[in-house]
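Data block for input39.tsv (TSV, C-alpha atoms and all ligand atoms):
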```
chain	number	residue	atom	x	y	z
D	12	MET	CA	-15.12	25.68	-8.32
D	13	LEU	CA	-17.03	25.96	-5.05
D	14	LYS	CA	-15.47	24.08	-2.16
D	15	SER	CA	-16.27	23.71	1.50
D	16	PHE	CA	-13.72	23.33	4.27
D	17	PRO	CA	-14.32	23.05	7.99
D	18	LEU	CA	-12.62	25.95	9.71
D	19	ASP	CA	-12.19	27.08	13.26
D	20	GLN	CA	-12.76	30.81	13.48
D	21	GLU	CA	-11.60	31.16	17.05
D	22	THR	CA	-8.03	29.85	16.86
D	23	PRO	CA	-5.09	31.99	15.72
D	24	ALA	CA	-4.56	29.66	12.77
D	25	GLY	CA	-8.22	29.84	11.86
D	26	LYS	CA	-8.19	33.62	12.06
D	27	ALA	CA	-5.07	33.73	9.91
D	28	ILE	CA	-6.73	31.63	7.24
D	29	MET	CA	-9.89	33.68	7.51
D	30	GLY	CA	-7.71	36.75	7.00
D	31	ARG	CA	-6.28	35.32	3.80
D	32	LEU	CA	-9.74	34.44	2.62
D	33	GLY	CA	-11.19	37.71	3.84
D	34	LYS	CA	-12.40	38.78	0.45
D	35	PHE	CA	-14.80	35.88	0.36
D	36	PRO	CA	-18.14	36.07	2.16
D	37	ILE	CA	-18.22	34.20	5.44
D	38	PRO	CA	-21.63	32.76	6.24
D	39	GLN	CA	-22.69	33.46	9.81
D	40	LYS	CA	-26.31	32.44	9.82
D	41	GLY	CA	-27.52	28.93	10.12
D	42	PHE	CA	-24.28	27.53	11.45
D	43	PRO	CA	-23.93	25.81	14.78
D	44	PRO	CA	-22.97	28.10	17.67
D	45	ALA	CA	-19.84	26.01	18.27
D	46	TYR	CA	-16.53	27.37	17.08
D	47	LYS	CA	-16.58	25.15	14.03
D	48	THR	CA	-18.15	26.57	10.97
D	49	TYR	CA	-17.89	26.12	7.25
D	50	ILE	CA	-16.86	28.60	4.68
D	51	ASP	CA	-17.40	28.42	1.00
D	52	PHE	CA	-15.00	30.14	-1.27
D	53	ASN	CA	-14.02	30.14	-4.87
D	54	MET	CA	-10.60	28.99	-5.80
D	55	SER	CA	-9.09	28.40	-9.15
D	56	ASP	CA	-8.30	24.92	-10.33
D	57	SER	CA	-4.59	25.69	-10.34
D	58	TYR	CA	-2.12	23.86	-8.13
D	59	GLU	CA	-2.33	26.78	-5.70
D	60	ARG	CA	-5.55	25.39	-4.29
D	61	LEU	CA	-3.67	22.30	-3.17
D	62	LEU	CA	-1.19	24.41	-1.22
D	63	GLU	CA	-3.99	26.43	0.32
D	64	GLY	CA	-5.75	23.19	1.14
D	65	ASN	CA	-2.61	22.02	2.89
D	66	ARG	CA	-2.54	25.15	5.06
D	67	ILE	CA	-6.13	24.50	6.05
D	68	PHE	CA	-5.30	20.84	6.78
D	69	VAL	CA	-2.40	21.83	9.05
D	70	ALA	CA	-4.48	24.42	10.89
D	71	ARG	CA	-7.34	22.01	11.40
D	72	LYS	CA	-5.15	19.16	12.61
D	73	ASN	CA	-3.20	21.39	14.98
D	74	HIS	CA	-6.42	22.62	16.49
D	75	GLU	CA	-7.91	19.15	16.87
D	76	ASP	CA	-4.72	17.68	18.32
D	77	PRO	CA	-1.72	19.93	19.03
D	78	THR	CA	0.60	16.91	19.31
D	79	PHE	CA	-0.62	15.23	16.11
D	80	PHE	CA	2.32	16.05	13.83
D	81	GLN	CA	4.85	15.69	16.61
D	82	ARG	CA	3.65	12.13	17.26
D	83	LEU	CA	3.71	11.23	13.57
D	84	SER	CA	7.26	12.52	13.22
D	85	VAL	CA	8.45	9.81	15.61
D	86	GLY	CA	7.41	6.98	13.29
D	87	GLN	CA	4.54	4.95	11.95
D	88	GLN	CA	2.78	1.89	13.31
D	89	PRO	CA	-0.03	1.25	10.84
D	90	LYS	CA	-2.12	-1.86	11.39
D	91	TYR	CA	-3.33	-2.03	7.80
D	92	LEU	CA	-1.85	-2.42	4.35
D	93	TRP	CA	-4.15	-1.11	1.63
D	94	ILE	CA	-3.73	-2.29	-1.96
D	95	GLY	CA	-6.07	-0.13	-3.98
D	96	CYS	CA	-6.75	1.45	-7.34
D	97	SER	CA	-5.12	4.74	-8.31
D	98	ASP	CA	-8.55	6.15	-9.15
D	99	SER	CA	-8.94	9.64	-7.64
D	100	ARG	CA	-12.41	8.78	-6.38
D	101	VAL	CA	-11.11	6.15	-3.96
D	102	PRO	CA	-8.95	7.92	-1.33
D	103	ASN	CA	-8.50	5.18	1.26
D	104	ASP	CA	-8.15	7.41	4.32
D	105	GLN	CA	-11.20	9.51	3.54
D	106	ILE	CA	-13.52	6.61	2.75
D	107	THR	CA	-12.49	4.83	5.97
D	108	SER	CA	-12.37	7.95	8.18
D	109	THR	CA	-8.78	7.23	9.17
D	110	ASN	CA	-5.89	9.57	9.86
D	111	PRO	CA	-2.38	9.82	8.46
D	112	GLY	CA	-0.29	7.10	10.05
D	113	GLU	CA	-3.03	4.48	10.11
D	114	ILE	CA	-2.86	2.84	6.66
D	115	PHE	CA	0.24	1.79	4.74
D	116	THR	CA	-0.69	2.09	1.10
D	117	THR	CA	0.13	1.05	-2.43
D	118	ARG	CA	-2.12	1.88	-5.35
D	119	ASN	CA	-2.00	1.10	-9.03
D	120	ILE	CA	-4.41	0.90	-11.93
D	121	ALA	CA	-7.12	-1.64	-11.04
D	122	ASN	CA	-5.50	-2.69	-7.72
D	123	LEU	CA	-3.45	-5.49	-9.22
D	124	VAL	CA	-1.04	-7.74	-7.34
D	125	ASP	CA	1.54	-8.79	-9.88
D	126	HIS	CA	4.30	-11.05	-8.56
D	127	THR	CA	6.84	-9.31	-10.82
D	128	ASP	CA	5.93	-5.81	-9.58
D	129	MET	CA	8.90	-4.86	-7.41
D	130	SER	CA	7.13	-1.80	-6.06
D	131	MET	CA	4.17	-3.82	-4.80
D	132	LEU	CA	6.43	-6.60	-3.47
D	133	SER	CA	8.61	-4.11	-1.60
D	134	VAL	CA	5.57	-2.48	-0.02
D	135	LEU	CA	4.15	-5.89	0.92
D	136	ASP	CA	7.46	-7.07	2.37
D	137	TYR	CA	7.92	-3.93	4.43
D	138	ALA	CA	4.33	-4.02	5.64
D	139	VAL	CA	4.43	-7.68	6.67
D	140	ASN	CA	8.00	-8.12	7.93
D	141	HIS	CA	8.82	-4.71	9.36
D	142	LEU	CA	5.59	-2.89	10.17
D	143	LYS	CA	3.91	-6.21	10.97
D	144	VAL	CA	0.48	-5.09	9.85
D	145	ASP	CA	-2.46	-7.15	11.07
D	146	HIS	CA	-4.58	-6.76	7.94
D	147	ILE	CA	-3.91	-6.62	4.22
D	148	ILE	CA	-6.84	-5.21	2.30
D	149	VAL	CA	-7.24	-5.44	-1.45
D	150	CYS	CA	-9.92	-2.89	-2.31
D	151	GLY	CA	-11.28	-2.59	-5.83
D	152	HIS	CA	-14.14	-0.37	-6.88
D	153	TYR	CA	-17.11	-0.42	-9.19
D	154	SER	CA	-16.86	1.84	-12.26
D	155	CYS	CA	-13.15	1.01	-12.48
D	156	GLY	CA	-11.72	2.40	-15.71
D	157	GLY	CA	-9.00	-0.25	-15.73
D	158	VAL	CA	-11.48	-3.11	-15.50
D	159	ARG	CA	-13.70	-1.47	-18.12
D	160	ALA	CA	-10.77	-1.04	-20.49
D	161	ALA	CA	-9.68	-4.65	-19.97
D	162	MET	CA	-13.18	-5.83	-20.92
D	163	SER	CA	-12.95	-4.12	-24.26
D	164	ASN	CA	-10.97	-5.08	-27.35
D	165	GLN	CA	-9.69	-1.55	-27.82
D	166	HIS	CA	-5.98	-0.73	-27.82
D	167	HIS	CA	-4.81	1.43	-24.91
D	168	GLY	CA	-1.11	1.47	-25.70
D	169	LEU	CA	1.40	0.43	-23.05
D	170	LEU	CA	-1.44	0.05	-20.57
D	171	ASP	CA	-2.66	-3.04	-22.44
D	172	ASN	CA	0.21	-5.03	-20.94
D	173	TRP	CA	-0.88	-4.11	-17.41
D	174	LEU	CA	-4.55	-4.73	-18.17
D	175	ARG	CA	-3.65	-8.17	-19.52
D	176	ASN	CA	-3.73	-9.32	-15.88
D	177	ILE	CA	-7.44	-8.49	-15.77
D	178	LYS	CA	-8.06	-10.23	-19.07
D	179	ASP	CA	-6.59	-13.33	-17.42
D	180	VAL	CA	-9.07	-12.92	-14.55
D	181	TYR	CA	-11.83	-12.78	-17.18
D	182	ARG	CA	-10.49	-15.95	-18.79
D	183	LEU	CA	-10.56	-17.77	-15.45
D	184	HIS	CA	-14.22	-16.83	-14.87
D	185	HIS	CA	-15.42	-16.49	-18.46
D	186	GLU	CA	-18.29	-18.93	-18.15
D	187	GLU	CA	-19.98	-17.02	-15.34
D	188	LEU	CA	-19.14	-13.64	-16.85
D	189	ASP	CA	-20.29	-14.48	-20.37
D	190	ALA	CA	-23.62	-15.64	-18.96
D	191	ILE	CA	-24.34	-12.12	-17.64
D	192	THR	CA	-26.07	-10.26	-20.47
D	193	ASP	CA	-26.17	-6.82	-18.85
D	194	VAL	CA	-22.80	-5.19	-19.58
D	195	ASP	CA	-22.77	-3.07	-16.40
D	196	GLU	CA	-23.57	-6.12	-14.27
D	197	ARG	CA	-20.86	-8.10	-16.02
D	198	GLU	CA	-18.38	-5.33	-15.33
D	199	ARG	CA	-19.32	-5.22	-11.64
D	200	LYS	CA	-18.86	-8.97	-11.43
D	201	LEU	CA	-15.44	-8.73	-13.07
D	202	VAL	CA	-14.48	-6.04	-10.52
D	203	GLU	CA	-15.34	-8.53	-7.77
D	204	PHE	CA	-13.54	-11.44	-9.46
D	205	ASN	CA	-10.53	-9.20	-9.96
D	206	VAL	CA	-10.39	-8.38	-6.23
D	207	THR	CA	-10.76	-12.05	-5.36
D	208	GLU	CA	-7.92	-13.05	-7.67
D	209	GLN	CA	-5.68	-10.28	-6.33
D	210	VAL	CA	-6.37	-11.51	-2.79
D	211	PHE	CA	-5.24	-14.95	-3.96
D	212	ASN	CA	-2.16	-13.35	-5.49
D	213	VAL	CA	-1.31	-11.69	-2.17
D	214	CYS	CA	-1.73	-15.00	-0.37
D	215	LYS	CA	0.46	-16.81	-2.90
D	216	THR	CA	3.42	-14.44	-2.56
D	217	SER	CA	6.47	-15.89	-0.82
D	218	ILE	CA	6.16	-12.98	1.64
D	219	VAL	CA	2.73	-13.91	2.97
D	220	GLN	CA	3.33	-17.66	2.70
D	221	GLN	CA	6.49	-17.30	4.75
D	222	ALA	CA	4.77	-15.06	7.29
D	223	TRP	CA	2.03	-17.63	7.79
D	224	VAL	CA	4.60	-20.40	8.32
D	225	ASP	CA	7.08	-18.48	10.47
D	226	ASN	CA	5.08	-16.10	12.58
D	227	LYS	CA	2.55	-18.16	14.44
D	228	SER	CA	2.01	-15.26	16.81
D	229	HIS	CA	1.46	-12.79	14.01
D	230	LEU	CA	-0.61	-13.93	11.07
D	231	PRO	CA	-1.54	-11.18	8.64
D	232	ARG	CA	-5.14	-11.54	7.52
D	233	VAL	CA	-5.97	-10.81	3.87
D	234	HIS	CA	-9.31	-9.26	2.92
D	235	GLY	CA	-11.10	-8.47	-0.35
D	236	TRP	CA	-13.34	-5.41	-0.51
D	237	VAL	CA	-15.09	-3.41	-3.22
D	238	TYR	CA	-15.88	0.30	-2.88
D	239	ASP	CA	-18.94	1.70	-4.63
D	240	VAL	CA	-18.18	5.17	-5.96
D	241	ALA	CA	-21.92	5.70	-6.53
D	242	ASN	CA	-22.84	5.60	-2.83
D	243	GLY	CA	-19.55	5.64	-0.90
D	244	GLU	CA	-20.08	2.23	0.68
D	245	ILE	CA	-17.56	-0.59	1.03
D	246	LYS	CA	-18.74	-4.14	0.35
D	247	ARG	CA	-16.88	-7.08	1.88
D	248	LEU	CA	-16.40	-9.99	-0.46
D	249	HIS	CA	-16.34	-13.55	0.81
D	250	VAL	CA	-12.57	-13.74	0.60
D	251	ASP	CA	-10.79	-13.51	3.92
D	252	TYR	CA	-7.70	-15.59	4.63
D	253	GLN	CA	-5.32	-15.98	7.54
D	254	THR	CA	-3.92	-19.40	6.73
D	255	ASP	CA	-2.58	-21.25	3.71
D	256	ALA	CA	-4.93	-24.20	4.33
D	257	GLU	CA	-7.09	-23.28	1.35
D	258	PHE	CA	-4.23	-22.86	-1.07
D	259	HIS	CA	-2.52	-25.51	-3.10
D	260	ASP	CA	0.60	-27.06	-1.58
D	261	ILE	CA	2.64	-25.86	-4.50
D	262	PHE	CA	2.64	-22.32	-3.10
D	263	ARG	CA	4.04	-23.31	0.30
D	264	PHE	CA	7.65	-22.97	1.36
D	265	SER	CA	9.65	-24.99	3.81
D	266	ASP	CA	13.15	-24.49	5.19
D	267	LYS	CA	13.54	-28.22	5.80
W	1	ZN	ZN	-9.98	1.66	-10.75
```
Would it be possible to restate this file's structure as structure tokens?
Ligand SMILES: [Zn+2]
Amino acid sequence: MLKSFPLDQETPAGKAIMGRLGKFPIPQKGFPPAYKTYIDFNMSDSYERLLEGNRIFVARKNHEDPTFFQRLSVGQQPKYLWIGCSDSRVPNDQITSTNPGEIFTTRNIANLVDHTDMSMLSVLDYAVNHLKVDHIIVCGHYSCGGVRAAMSNQHHGLLDNWLRNIKDVYRLHHEELDAITDVDERERKLVEFNVTEQVFNVCKTSIVQQAWVDNKSHLPRVHGWVYDVANGEIKRLHVDYQTDAEFHDIFRFSDK
């Protein structure tokens, strides 16, 4: 597989990597005169390429910012919680051009927010009550295999129980969805409805409800986005909440 990695030829780390990759041709023509250049090399699909990729990552980061890892080792202060799909095509830091340390993250199939999912609840609680993130982003994506599977009547084994959550989203919006004759369009609409419902689910958790009641100075804001794997763009949906005013009283808590 042919891959490209930015590499600094002038630093010791860059030279060391170039030395390891010495058997591969290094293009010299047509590259900017600056120290940064790009090399293409063949690497097998084995796990080794991940380790080599890590070495390149470390070298690049150390060159860009020699204190980068030292700073991160002190702790994290992310401003964002990202609830996304596990799909390999939606790496939240890459598609938002952010660095390690900037986004607290939980991902699962089809970016669901299930109020019985202890993993998700623990992440949400830590993000809201300890890290005190400013923004909670539920980001779905078009061409989501989970959403597609939930739209079908096919068995997918254990996964069917997880996808049942999406079937419920379909049931809630079946009139609008059934009216869309184009299957791809219907699927895209279900992706959007699914994000919207998961945003509602975040807002309805005791964690966010309590934060909105207790922390008048710090109100986490919940957003719903959809990423398009076909063009790399993020679309903001019209779901954006920082108060419980739009939610039924039944979800509110009071210590009185
Ligand atoms: Zn997905």
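In this model, the gap between CA of Ile114 (chain D) and CA of Leu135 (chain D) comes to 12.6 Å.
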Exercise for the section: Would you mind telling me which residue in D:Val233, D:Leu188, D:Met162, D:Ile67 lies nearest to Ile94 (chain D) when using all atoms listed in the file? Expected result: D:Val233
Exercise for the section: Give as JSON, numbers by chain the residues surrounding ligand ZN 1 (chain W) up to a distance of 7 Å, considering all atoms listed in the file. Expected result: {"D": [96, 97, 98, 120, 121, 122, 151, 152, 155, 156, 157, 158]}
Problem - Å distance separating CA of Pro89 (chain D) from CA of Thr216 (chain D), one decimal place - result: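 About the pair CA of Pro89 (chain D) and CA of Thr216 (chain D): they are 20.9 Å apart.
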Handout entry: Length of the CA of Met129 (chain D) to CA of Leu92 (chain D) vector [Å]
Key =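 One can read the CA of Met129 (chain D) to CA of Leu92 (chain D) distance as 16.1 Å.
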Problem - Nearest to Asn205 (chain D), chosen from D:Asn172, D:Val101, D:Arg159, D:Arg232, with all atoms listed in the file counted in the distances - result: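 Under the stated criterion, the closest residue is D:Arg159.
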Completion exercise
Judged by only C-alpha atoms, the minimum distance to Cys150 (chain D) among D:Leu83, D:Val224, D:Val202, D:Ala256 is found for D:Val202
